[in-house]
Amino acid sequence: MDTPTKTLTFETRLDLIYEQDAALCQYAELWNQVKFRWFANLQKPKAQQLNRTQFMHEMGMPFSYRVFQGVQQSIKGLIQSYQTNRNNRLVTLDVKIKQLEKTLNKLNKRCDHVAEKGCPQQAKQLRNRLRQKEVKLRRWQQKQSALVAEKQENKTPICFGGRKLLKERQALETGSAIEGWKQRWHEARHREFLLVGSHDESWGCQNAQLSPSEQEDAYQLKLLVPHQLRATFGTTIHIDHLQFKHGRAMIAQAVWQNQVKKHDKSIKGQSLSFRFKRDKKGWRLLVSVEVAGPTEQAEWIDADQGVIGVDVNPDHLAVVELDRNGNPLQHRTFDLPLHYKNDVQRSAIIGDAVRDLMDFAAQQGKAVVIEKLDFQQKKRQYQKQDHPQYARMLNAFAYGKIKDLIETQSIKRGIRLYHVNSAYTSLLGRMKYRDRHGFSDHHAAALVIGRRHYGFKEKPPKQLIGINAKGIVKTEHPPVRMALRDYQYYTKLQRWYQPLEKSLDFLSGWRHFRRVNRVSYFVEARLDGRPGMSPDLIQESAPLLSAHPAL
């Protein structure tokens, strides 16, 4: 099995003299000018776009091809990020519009009912509320139409410098305020540049070379200056005494590997990418390193002795430990109280939860299995719940960050991470394992996720028994079974199961389903332990239960 890798980024603050700071500012200005022109070139029709060679000649060859690769990579990342966010916004708007349309239908019926009863004051309040909802619906529909048209035309309207700062210009009137805004606008548009590396280049990067310094745990950086700036700042810029607070071992490994490669050509070098960013305090350097797990396969924690199934939810991680045969051993819950938290606090909470999850996996010596989903699919599962609680959770839901941290920690710890298809895991978990093991819906889904890694067949029960709030026993049979892995069958099964599940609710909100051939105890005992069931109801339902042929 190949050793997985992950690109991690570590940063440090640069202590520069005036000449070095001026050189980096000029470098960033030149780099961003090329970046803006290249983005404008990509917005043209494909027949009118220039290729790399034509574009560089038109710009007067400001720097080498390797520097221009950083421009291309930066623009590509911006475009992909914008398109992903646009797709997420379309999904969110689609669900919001459907929910609001349902609310409007209910309000219309209620208005008609109140008008028939002859309550003019209440009818007036309802009409005002209905009018506000209609205005909101039209506004959302206009946003949706604009995003759909933008997507069809393949437009990417990115504002370099930020739309918030751009809008501030409209409120300025005096000349001094406008000049101050121009300075801030220029700094916001020219505050960073990226230099990408390669494993076959000297020290991992041709234009920025990181090497050990005489000081312990420190490095020196040699930055190659573009041709247009060499008359002013020279050929290279040397920055000494670079120290990293985090990732010291990984950076040291990459630097040592590049140093040894110069003498031994059989050793593959390590690519290093450098991003220079300027803020209010000065310049920061962000170094990206490709990190791999343990090189020896024996050091990895694999899935030979069982796995840890994980179901990611907006407010917690549902975790179930399984043995090699797919049987649950224990379950855990790692809370994620992300609501009313800022980005820094959310990152800290997610990091603590993922660290506890990996500690648990390392303690049990088992691999981790998570679902293979993107943000849109995961968010769509919860957007169907029309409740303010779910809306608050979804607002703070950071599924991508949780998934990314799990992948990073698995590589650092040497714990194998597997991804499985999550189709209908919640449905099968509720139907087969929730009541059998006393799990919640999410822990039952985590159990199905862990079992799916081993390829166990999750066939629905042949027969289900349900007891409703009146104590009436019902026996239900799923639809005609189809071939395994035919998800059309599971779609039909879900349509059959959801209304059945709601019709057989207990008074306390519990739901109870069991396979007929798994019944090994009296149903009266199960009912007696249910909170919210009155003794009179149990006595009335006892003859019905004892007389049922399936029991």
# chains A, B, ... in the order shown; residues from 1 in each chain; ligands from 1
call {"tool": "select_by_dssp", "arguments": {"residues": "stretch 236-452 of chain A", "states": "strand (DSSP E)", "output": "JSON, numbers by chain"}}
result
{"A": [236, 237, 238, 239, 240, 241, 242, 272, 273, 274, 275, 276, 277, 278, 279, 282, 283, 284, 285, 286, 287, 288, 289, 290, 291, 292, 307, 308, 309, 310, 311, 312, 316, 317, 318, 319, 320, 321, 322, 328, 329, 330, 331, 332, 333, 334, 335, 367, 368, 369, 370, 371, 417, 418, 419, 420]}
call {"tool": "select_by_dssp", "arguments": {"residues": "stretch 169-252 of chain A", "states": "alpha helix (DSSP H)", "output": "list in words"}}
result
Gly175, Ser176, Ala177, Ile178, Glu179, Gly180, Trp181, Lys182, Gln183, Arg184, Trp185, His186, Glu187, Ala188, Arg189, Arg230, Ala231, Thr232, Phe233, Arg248, Ala249, Met250, Ile251 and Ala252 of chain A
call {"tool": "closest_residue", "arguments": {"among": "A:Ala23, A:Val448, A:Leu493, A:Leu166", "to": "A:Ala231", "atoms": "only C-alpha atoms"}}
result
A:Ala23
call {"tool": "residues_around", "arguments": {"residues": "A:Arg129", "least_positions_apart": "4", "cutoff": "12 Å", "atoms": "only C-alpha atoms", "output": "JSON, numbers by chain"}}
result
{"A": [103, 104, 106, 107, 108, 110, 111, 122, 123, 124, 125, 133, 134, 135, 136]}
call {"tool": "write_last_selection", "arguments": {"atoms": "N, CA, C and O atoms", "output": "PDB file, in the first residue's frame"}}
result
ATOM      1  N   THR A 103     -43.812  27.260   3.582  1.00  0.00           N
ATOM      2  CA  THR A 103     -44.333  28.169   4.604  1.00  0.00           C
ATOM      3  C   THR A 103     -45.385  29.099   4.021  1.00  0.00           C
ATOM      4  O   THR A 103     -46.414  29.390   4.663  1.00  0.00           O
ATOM      5  N   LEU A 104     -45.171  29.571   2.804  1.00  0.00           N
ATOM      6  CA  LEU A 104     -46.134  30.457   2.163  1.00  0.00           C
ATOM      7  C   LEU A 104     -47.460  29.737   1.895  1.00  0.00           C
ATOM      8  O   LEU A 104     -48.542  30.334   2.053  1.00  0.00           O
ATOM      9  N   LYS A 106     -48.711  27.312   3.677  1.00  0.00           N
ATOM     10  CA  LYS A 106     -49.397  27.196   4.964  1.00  0.00           C
ATOM     11  C   LYS A 106     -50.018  28.527   5.379  1.00  0.00           C
ATOM     12  O   LYS A 106     -51.144  28.576   5.891  1.00  0.00           O
ATOM     13  N   LEU A 107     -49.281  29.627   5.158  1.00  0.00           N
ATOM     14  CA  LEU A 107     -49.802  30.935   5.535  1.00  0.00           C
ATOM     15  C   LEU A 107     -51.009  31.317   4.690  1.00  0.00           C
ATOM     16  O   LEU A 107     -51.975  31.924   5.190  1.00  0.00           O
ATOM     17  N   ASN A 108     -50.999  30.976   3.404  1.00  0.00           N
ATOM     18  CA  ASN A 108     -52.151  31.261   2.542  1.00  0.00           C
ATOM     19  C   ASN A 108     -53.404  30.532   3.035  1.00  0.00           C
ATOM     20  O   ASN A 108     -54.500  31.109   3.120  1.00  0.00           O
ATOM     21  N   ARG A 110     -53.915  29.476   6.037  1.00  0.00           N
ATOM     22  CA  ARG A 110     -54.308  30.025   7.332  1.00  0.00           C
ATOM     23  C   ARG A 110     -55.029  31.361   7.170  1.00  0.00           C
ATOM     24  O   ARG A 110     -55.997  31.659   7.884  1.00  0.00           O
ATOM     25  N   CYS A 111     -54.561  32.187   6.225  1.00  0.00           N
ATOM     26  CA  CYS A 111     -55.239  33.462   5.952  1.00  0.00           C
ATOM     27  C   CYS A 111     -56.681  33.239   5.502  1.00  0.00           C
ATOM     28  O   CYS A 111     -57.604  33.940   5.946  1.00  0.00           O
ATOM     29  N   GLN A 122     -56.540  39.688  13.019  1.00  0.00           N
ATOM     30  CA  GLN A 122     -55.607  38.567  12.846  1.00  0.00           C
ATOM     31  C   GLN A 122     -55.316  38.322  11.371  1.00  0.00           C
ATOM     32  O   GLN A 122     -54.181  37.994  11.003  1.00  0.00           O
ATOM     33  N   ALA A 123     -56.320  38.506  10.519  1.00  0.00           N
ATOM     34  CA  ALA A 123     -56.105  38.329   9.082  1.00  0.00           C
ATOM     35  C   ALA A 123     -55.142  39.382   8.540  1.00  0.00           C
ATOM     36  O   ALA A 123     -54.303  39.093   7.672  1.00  0.00           O
ATOM     37  N   LYS A 124     -55.244  40.598   9.054  1.00  0.00           N
ATOM     38  CA  LYS A 124     -54.339  41.663   8.611  1.00  0.00           C
ATOM     39  C   LYS A 124     -52.893  41.350   9.001  1.00  0.00           C
ATOM     40  O   LYS A 124     -51.962  41.546   8.213  1.00  0.00           O
ATOM     41  N   GLN A 125     -52.693  40.857  10.234  1.00  0.00           N
ATOM     42  CA  GLN A 125     -51.345  40.483  10.674  1.00  0.00           C
ATOM     43  C   GLN A 125     -50.772  39.355   9.811  1.00  0.00           C
ATOM     44  O   GLN A 125     -49.586  39.378   9.448  1.00  0.00           O
ATOM     45  N   LYS A 133     -42.784  37.528   3.694  1.00  0.00           N
ATOM     46  CA  LYS A 133     -42.224  36.261   3.199  1.00  0.00           C
ATOM     47  C   LYS A 133     -42.118  36.270   1.676  1.00  0.00           C
ATOM     48  O   LYS A 133     -41.150  35.743   1.103  1.00  0.00           O
ATOM     49  N   GLU A 134     -43.091  36.855   1.002  1.00  0.00           N
ATOM     50  CA  GLU A 134     -43.051  36.910  -0.463  1.00  0.00           C
ATOM     51  C   GLU A 134     -41.899  37.785  -0.945  1.00  0.00           C
ATOM     52  O   GLU A 134     -41.252  37.466  -1.952  1.00  0.00           O
ATOM     53  N   VAL A 135     -41.637  38.892  -0.242  1.00  0.00           N
ATOM     54  CA  VAL A 135     -40.501  39.742  -0.608  1.00  0.00           C
ATOM     55  C   VAL A 135     -39.193  38.987  -0.439  1.00  0.00           C
ATOM     56  O   VAL A 135     -38.293  39.050  -1.291  1.00  0.00           O
ATOM     57  N   LYS A 136     -39.087  38.255   0.660  1.00  0.00           N
ATOM     58  CA  LYS A 136     -37.874  37.468   0.890  1.00  0.00           C
ATOM     59  C   LYS A 136     -37.710  36.392  -0.176  1.00  0.00           C
ATOM     60  O   LYS A 136     -36.597  36.142  -0.662  1.00  0.00           O
TER      61      LYS A 136
END
call {"tool": "atom_distance", "arguments": {"atom1": "atom CA of A:Phe68", "atom2": "atom CA of A:Lys222"}}
result
18.6 Å
call {"tool": "residues_around", "arguments": {"residues": "stretch 341-356 of chain A", "least_positions_apart": "2", "cutoff": "12 Å", "atoms": "only C-alpha atoms", "output": "ChimeraX atom specification"}}
result
/A:310,312-319,332-339,358-363,368,392-393,395-410,412-413
call {"tool": "closest_residue", "arguments": {"among": "A:Leu447, A:Met431, A:Lys372, A:Lys277", "to": "A:Trp496", "atoms": "only C-alpha atoms"}}
result
A:Met431
call {"tool": "residues_around", "arguments": {"residues": "A:Ile237", "least_positions_apart": "3", "cutoff": "9 Å", "atoms": "only C-alpha atoms", "output": "count of residues only"}}
result
9
